[in-house]
Each structure stands twice: as C-alpha cells, then as structure tokens.
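Enquirer: So that you have it, the file is protein-v2.csv, and it contains CSV, C-alpha atoms:
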```csv
chain,number,residue,atom,x,y,z
A,2,PRO,CA,108.2,-88.1,67.7
A,3,ALA,CA,111.1,-86.0,69.0
A,4,ASP,CA,109.9,-83.1,66.9
A,5,VAL,CA,106.4,-83.6,68.0
A,6,ARG,CA,107.4,-83.4,71.7
A,7,ALA,CA,109.5,-80.4,70.9
A,8,PHE,CA,106.7,-78.5,69.3
A,9,SER,CA,104.3,-79.6,72.1
A,10,GLY,CA,106.8,-78.4,74.7
A,11,MET,CA,107.2,-75.1,72.9
A,12,GLY,CA,103.4,-74.6,72.8
A,13,ARG,CA,103.1,-75.2,76.5
A,14,ALA,CA,105.9,-72.7,77.2
A,15,TYR,CA,104.4,-70.0,75.0
A,16,GLU,CA,101.0,-70.6,76.6
A,17,ALA,CA,102.4,-70.2,80.1
A,18,GLY,CA,104.0,-67.0,79.1
A,19,GLY,CA,100.8,-65.6,77.7
A,20,ASP,CA,102.1,-65.6,74.1
A,21,TYR,CA,99.1,-67.3,72.7
A,22,ALA,CA,99.9,-66.6,69.1
A,23,GLN,CA,103.2,-68.5,69.3
A,24,ALA,CA,101.6,-71.3,71.3
A,25,VAL,CA,98.9,-71.8,68.7
A,26,SER,CA,101.6,-72.0,66.0
A,27,ALA,CA,103.6,-74.6,68.0
A,28,TYR,CA,100.6,-76.8,68.7
A,29,ARG,CA,99.5,-76.8,65.1
A,30,LYS,CA,102.9,-78.0,64.0
A,31,ALA,CA,102.9,-80.7,66.6
A,32,LEU,CA,99.4,-81.9,65.3
A,33,ASP,CA,100.6,-81.8,61.7
A,34,LEU,CA,103.4,-84.2,62.6
A,35,SER,CA,101.4,-86.5,64.9
A,36,PRO,CA,97.8,-85.7,65.9
A,37,SER,CA,97.0,-86.3,69.6
A,38,ASN,CA,94.1,-85.4,71.8
A,39,GLU,CA,96.4,-83.6,74.2
A,40,ASP,CA,97.8,-81.3,71.6
A,41,ARG,CA,94.3,-80.9,70.1
A,42,ASP,CA,92.8,-79.8,73.4
A,43,ALA,CA,95.8,-77.5,74.0
A,44,LEU,CA,95.3,-75.9,70.6
A,45,LYS,CA,91.6,-75.3,71.2
A,46,ARG,CA,92.4,-73.7,74.6
A,47,THR,CA,95.1,-71.4,73.3
A,48,GLU,CA,93.0,-70.3,70.3
A,49,GLY,CA,90.3,-69.2,72.7
A,50,GLU,CA,92.8,-67.3,74.7
A,51,LEU,CA,94.2,-65.7,71.6
A,52,SER,CA,90.8,-64.6,70.4
A,53,ARG,CA,90.0,-63.1,73.8
A,54,GLN,CA,93.4,-61.3,73.8
A,55,ASN,CA,92.7,-59.9,70.3
A,56,GLU,CA,89.3,-58.7,71.3
A,57,GLU,CA,90.7,-57.0,74.4
A,58,ALA,CA,93.3,-55.3,72.2
A,59,GLU,CA,90.7,-54.1,69.8
A,60,GLN,CA,88.5,-52.8,72.6
A,61,ARG,CA,91.5,-50.9,74.0
A,62,ARG,CA,92.0,-49.4,70.5
A,63,ARG,CA,88.3,-48.4,70.3
A,64,ASP,CA,88.4,-47.0,73.8
A,65,ILE,CA,91.3,-44.7,72.8
A,66,LEU,CA,89.5,-43.5,69.7
A,67,VAL,CA,86.3,-43.0,71.7
A,68,ARG,CA,88.1,-40.9,74.3
A,69,GLU,CA,89.7,-38.9,71.6
A,70,ASN,CA,86.4,-38.2,69.8
A,71,VAL,CA,84.6,-37.3,73.0
A,72,LEU,CA,87.3,-34.8,73.9
A,73,ARG,CA,87.1,-33.2,70.5
A,74,GLY,CA,83.4,-33.1,70.7
A,75,ARG,CA,83.4,-31.5,74.1
A,76,SER,CA,86.0,-28.9,72.8
A,77,ALA,CA,83.8,-28.1,69.8
A,78,LEU,CA,80.7,-27.8,72.0
A,79,SER,CA,82.5,-25.3,74.3
A,80,LEU,CA,83.3,-23.2,71.2
A,81,GLY,CA,79.7,-23.3,70.1
A,82,ASP,CA,80.3,-25.4,67.0
A,83,PHE,CA,77.3,-27.7,67.5
A,84,GLU,CA,77.7,-29.5,64.1
A,85,GLU,CA,81.4,-30.3,64.6
A,86,ALA,CA,80.7,-31.5,68.2
A,87,LYS,CA,77.9,-33.7,66.9
A,88,ASN,CA,80.1,-35.3,64.2
A,89,PHE,CA,82.8,-36.2,66.8
A,90,LEU,CA,80.4,-37.6,69.4
A,91,LEU,CA,78.5,-39.7,66.8
A,92,LYS,CA,81.9,-41.2,65.7
A,93,ALA,CA,82.5,-42.1,69.3
A,94,LEU,CA,79.1,-43.8,69.6
A,95,ASP,CA,79.7,-45.7,66.3
A,96,LEU,CA,82.7,-47.2,67.9
A,97,THR,CA,81.0,-47.9,71.3
A,98,PRO,CA,77.2,-47.4,71.3
A,99,GLY,CA,77.0,-47.6,75.0
A,100,ASP,CA,79.9,-45.4,76.0
A,101,HIS,CA,78.8,-43.4,79.0
A,102,ASP,CA,80.8,-40.2,78.3
A,103,ALA,CA,79.7,-40.1,74.7
A,104,LEU,CA,76.0,-40.5,75.6
A,105,ILE,CA,76.2,-37.8,78.3
A,106,ALA,CA,78.0,-35.4,75.9
A,107,MET,CA,75.3,-35.9,73.3
A,108,GLY,CA,72.7,-35.2,75.9
A,109,ASP,CA,74.6,-32.0,76.9
A,110,LEU,CA,74.9,-31.0,73.2
A,111,ASN,CA,71.1,-31.3,72.6
A,112,ARG,CA,70.4,-29.6,75.9
A,113,THR,CA,72.6,-26.6,75.0
A,114,SER,CA,71.1,-26.3,71.5
A,115,GLY,CA,67.5,-26.3,73.0
A,116,ASP,CA,66.3,-29.8,72.0
A,117,LEU,CA,65.3,-31.0,75.5
A,118,ALA,CA,63.5,-34.0,74.2
A,119,ALA,CA,66.6,-35.4,72.4
A,120,ALA,CA,68.7,-34.5,75.4
A,121,ALA,CA,66.4,-36.5,77.7
A,122,ASP,CA,66.6,-39.5,75.3
A,123,TYR,CA,70.4,-39.6,75.5
A,124,TYR,CA,70.4,-39.3,79.3
A,125,ARG,CA,67.9,-42.2,79.4
A,126,ALA,CA,70.2,-44.2,77.1
A,127,ALA,CA,73.1,-43.5,79.4
A,128,LEU,CA,71.0,-44.8,82.4
A,129,ALA,CA,70.0,-47.9,80.4
A,130,PHE,CA,73.7,-48.8,79.8
A,131,HIS,CA,74.9,-47.5,83.2
A,132,PRO,CA,72.0,-47.7,85.8
A,133,ASP,CA,74.3,-46.4,88.6
A,134,SER,CA,75.2,-43.2,86.7
A,135,LEU,CA,74.4,-40.3,89.1
A,136,ARG,CA,75.5,-37.9,86.4
A,137,ALA,CA,72.9,-39.2,83.9
A,138,ALA,CA,70.1,-39.3,86.5
A,139,SER,CA,70.8,-35.7,87.6
A,140,ALA,CA,71.0,-34.4,84.1
A,141,LEU,CA,67.7,-36.2,83.1
A,142,ALA,CA,65.9,-34.7,86.2
A,143,GLU,CA,67.0,-31.2,85.3
A,144,VAL,CA,65.9,-31.5,81.7
A,145,GLU,CA,62.5,-32.9,82.6
A,146,LYS,CA,62.0,-30.1,85.2
A,147,THR,CA,62.9,-27.5,82.6
A,148,GLY,CA,60.6,-29.1,80.0
A,149,ALA,CA,57.7,-29.1,82.5
A,150,GLN,CA,58.3,-25.4,83.3
A,151,ILE,CA,58.3,-24.4,79.6
A,152,GLN,CA,55.2,-26.4,79.0
A,153,GLY,CA,53.4,-24.7,81.9
A,154,ALA,CA,54.5,-21.3,80.7
A,155,LYS,CA,53.1,-22.1,77.2
A,156,GLN,CA,49.8,-23.2,78.7
A,157,VAL,CA,49.4,-20.0,80.7
A,158,THR,CA,50.2,-17.9,77.7
A,159,GLU,CA,47.6,-19.7,75.6
A,160,GLU,CA,45.0,-19.2,78.3
A,161,VAL,CA,45.8,-15.5,78.6
A,162,THR,CA,45.6,-15.1,74.8
A,163,THR,CA,42.3,-16.9,74.6
A,164,ALA,CA,40.9,-14.7,77.4
A,165,GLU,CA,41.9,-11.5,75.7
A,166,LYS,CA,40.3,-12.3,72.4
A,167,PRO,CA,37.1,-10.3,71.5
A,168,GLN,CA,33.8,-11.8,72.5
A,169,ALA,CA,32.8,-11.9,68.8
A,170,LEU,CA,35.4,-14.7,68.3
A,171,HIS,CA,33.5,-16.8,70.9
A,172,THR,CA,30.0,-16.1,69.4
A,173,GLY,CA,31.2,-16.7,65.8
A,174,GLU,CA,30.4,-13.2,64.7
A,175,GLU,CA,33.0,-11.4,62.8
A,176,THR,CA,34.1,-8.1,64.2
A,177,PRO,CA,34.0,-5.4,61.5
A,178,ARG,CA,37.4,-4.1,60.6
A,179,ALA,CA,38.2,-0.4,60.2
A,180,ASP,CA,39.3,-0.9,56.6
A,181,GLN,CA,35.9,-2.5,55.8
A,182,HIS,CA,34.2,0.6,57.2
A,183,VAL,CA,36.3,2.9,55.1
A,184,GLN,CA,35.7,0.8,52.0
A,185,LYS,CA,31.9,0.9,52.7
A,186,ASN,CA,31.8,4.7,52.9
A,187,ALA,CA,34.4,5.4,50.3
A,188,VAL,CA,33.3,7.2,47.1
A,189,SER,CA,34.7,5.8,43.9
A,190,PRO,CA,36.7,8.2,41.7
A,191,GLY,CA,34.6,10.0,39.2
A,192,ILE,CA,31.2,9.1,40.9
A,193,LYS,CA,29.4,11.8,42.7
A,194,PRO,CA,27.9,11.0,46.0
A,195,LYS,CA,24.2,10.4,46.0
A,196,THR,CA,23.5,13.2,48.4
A,197,ALA,CA,21.4,16.3,47.5
A,198,PRO,CA,23.1,19.7,47.7
A,199,PRO,CA,22.0,21.8,50.6
A,200,ARG,CA,19.0,24.0,49.8
A,201,ALA,CA,18.7,27.6,50.7
A,202,PRO,CA,16.2,28.5,53.5
A,203,ALA,CA,12.8,29.5,52.3
A,204,VAL,CA,12.0,33.2,52.6
A,205,THR,CA,8.8,33.5,54.7
A,206,LYS,CA,8.5,37.4,54.7
A,207,ARG,CA,9.5,40.0,52.2
A,208,PRO,CA,11.7,42.6,53.6
A,209,SER,CA,10.1,46.0,54.1
A,210,ALA,CA,10.9,48.9,51.9
A,211,LEU,CA,14.2,50.5,52.6
A,212,PRO,CA,13.9,53.9,54.2
A,213,ARG,CA,14.4,56.8,51.9
A,214,PRO,CA,17.3,59.1,52.7
A,215,SER,CA,16.3,62.4,54.3
A,216,ALA,CA,16.9,65.6,52.5
A,217,VAL,CA,20.4,66.8,53.0
A,218,LYS,CA,20.7,70.4,53.8
A,219,LYS,CA,23.2,72.5,51.8
A,220,PRO,CA,25.8,74.2,53.9
A,221,PRO,CA,25.6,78.0,54.1
A,222,ALA,CA,27.5,80.0,51.5
A,223,VAL,CA,30.6,81.8,52.7
A,224,SER,CA,31.7,85.1,51.2
A,225,ALA,CA,35.1,86.1,50.4
A,226,GLN,CA,35.2,88.2,53.5
A,227,GLY,CA,34.4,85.3,55.6
A,228,ASP,CA,30.8,86.4,56.3
A,229,VAL,CA,28.2,83.8,56.3
A,230,LYS,CA,25.4,84.6,54.0
A,231,LEU,CA,22.1,83.4,55.0
A,232,SER,CA,20.3,81.5,52.4
A,233,ALA,CA,17.2,83.1,51.0
A,234,ARG,CA,15.2,80.3,52.5
A,235,ALA,CA,15.2,80.1,56.2
A,236,ASP,CA,14.7,76.9,58.0
A,237,SER,CA,11.3,76.7,59.5
```
What is this structure when it is put down as structure tokens?

Expert:
Amino acid sequence: PADVRAFSGMGRAYEAGGDYAQAVSAYRKALDLSPSNEDRDALKRTEGELSRQNEEAEQRRRDILVRENVLRGRSALSLGDFEEAKNFLLKALDLTPGDHDALIAMGDLNRTSGDLAAAADYYRAALAFHPDSLRAASALAEVEKTGAQIQGAKQVTEEVTTAEKPQALHTGEETPRADQHVQKNAVSPGIKPKTAPPRAPAVTKRPSALPRPSAVKKPPAVSAQGDVKLSARADS
C-alpha cells in the first residue's frame, strides 16, 4: 500500500507539472500494485492529455515543414522554376491540406503559368478553409475578371473571323482556287494543245502587174579632150 500511495502521489505530481508521460507511467505502476477507481480515472485523464500533447507536438512539426516547403516553393516561383515550385507546394499540402499559404501559393503558381481555371480552384479552396481570407477573395476576383476579359476577346475574334469569310462559305459553294484554275488550263507535257494554228488571210484581189522600168538613157560620150560628143541620135 505504501508503494501504491507513492506511485499515486508521483502520478499526481507529474500531472500537475504537465509531464503527462511520467504521470501515465506512475499511475500504471500504482494500478499494477493495487487497482483502484481513483488511479484508473487519473490514468485515463492523463492518457488523454498525453495524446493531445503529442498531437500538438506533431502539428508543430508539420507546421514547421509546411512553412519551409512554402518558402522554398515561393523562391522557386520567383526564379521561374514552375516544376520545382509545384513540388515544394504539393509537399506542403500533403502535410496540411488546408494550409492557407500553401493554397494561395499554388493559386499564384497556376496564375503565373497561365492556368487561370486551376488558379481559381486553389483560391476557392483557400476560401473554403479560411472564409475570412481577404487575400484569397481578392485573388479569386482578379482571376475571374481576367478570365472573363479573355473569353470576351476570343468571342469578338471569332465573330470578326466569321464576318470576314467569303460568302461562298455561307452558301455552301466552294470558291475556286487559283491552283485549280492553273491545273485546268495547263497542258500536259508532250501533248499539243487542241487549237488550230492561225490561218493566213485570204487574198481577195490579185496584185496588178508591176510597172516596167523606163528606158535608161546612156550618158553622152566624152572625148579625151574633154569635149562632149553628141550621140548620133538626138533626143526628140
């Protein structure tokens, strides 16, 4: 009995000091020597406190790892290494799925990489876990606004493109292409075109007889003395 009271007293002392592991050990020894309802209730109480204490210690450890991975992910994101940033941030979310900073960082990562839909999903998840997060609400509003603007621009572009299409596309008629026209009029090698050669114009009137050349007069003879001798035949 003395030992039982000693272990019971030790258990109460450890429990009062917050050393629940030692208190559980002392109460168990007291119960092994002499079971009592008082020590049994004390053991149950201290075991619950020890479990809570261990969970808090584990949560603190996870929080430290989460903060570390979020910081590394943010650093990789600032350097443009999206894959490395994603790996660190997903590790943080594996440890604590509802971590506010990790969810916001994943939203920022997807927003920077151009995936606005995924970014919006992460911002909504942050709001689901932390409804009072102004940061998540503001980021979600900006992403939704940007997405609406992009969608509107795409719609305008499609309307302009449709309006600029040839009328044949609307009637179902196919507009002939230039290459089709060339192929249609092209002549295959080695095949003469089926066009008749040009014919000479028909002669409707025979040309008149060419005029005969007039008689050419001989020049007068010149003597050695330079006198001109008249020809025996005078011109009439």

Enquirer: Take CA of Tyr124 in chain A and CA of Glu56 in chain A and report the distance between them in Å, one decimal.

Expert: 28.2 Å

Enquirer: Give me, please, the distance in Å between CA of Arg136 in chain A and CA of Ile105 in chain A, quoted to one decimal.

Expert: 8.1 Å

Enquirer: Figure out the distance between CA of Glu57 in chain A and CA of Tyr123 in chain A, please, to one decimal in Å.

Expert: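 We find that CA of Tyr123 in chain A and CA of Glu57 in chain A lie 26.8 Å from each other.
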
Enquirer: Would you pick out the contacts of Lys30 in chain A at 7 Å or less, using all atoms listed in the file, so that residues sharing its chain but fewer than 4 positions from it are not included, and give the list as a list in words?

Expert: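 Residues near the query, excluding close chain neighbours: Phe8, Ser26 and Leu34 of chain A.
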
Enquirer: Write the residues of the preceding selection, restricted to C-alpha atoms, as a JSON list (two decimals), in the frame of the given file.

Expert:
```json
[["chain", "number", "residue", "atom", "x", "y", "z"],
["A", 8, "PHE", "CA", 106.70, -78.50, 69.30],
["A", 26, "SER", "CA", 101.60, -72.00, 66.00],
["A", 34, "LEU", "CA", 103.40, -84.20, 62.60]]
```
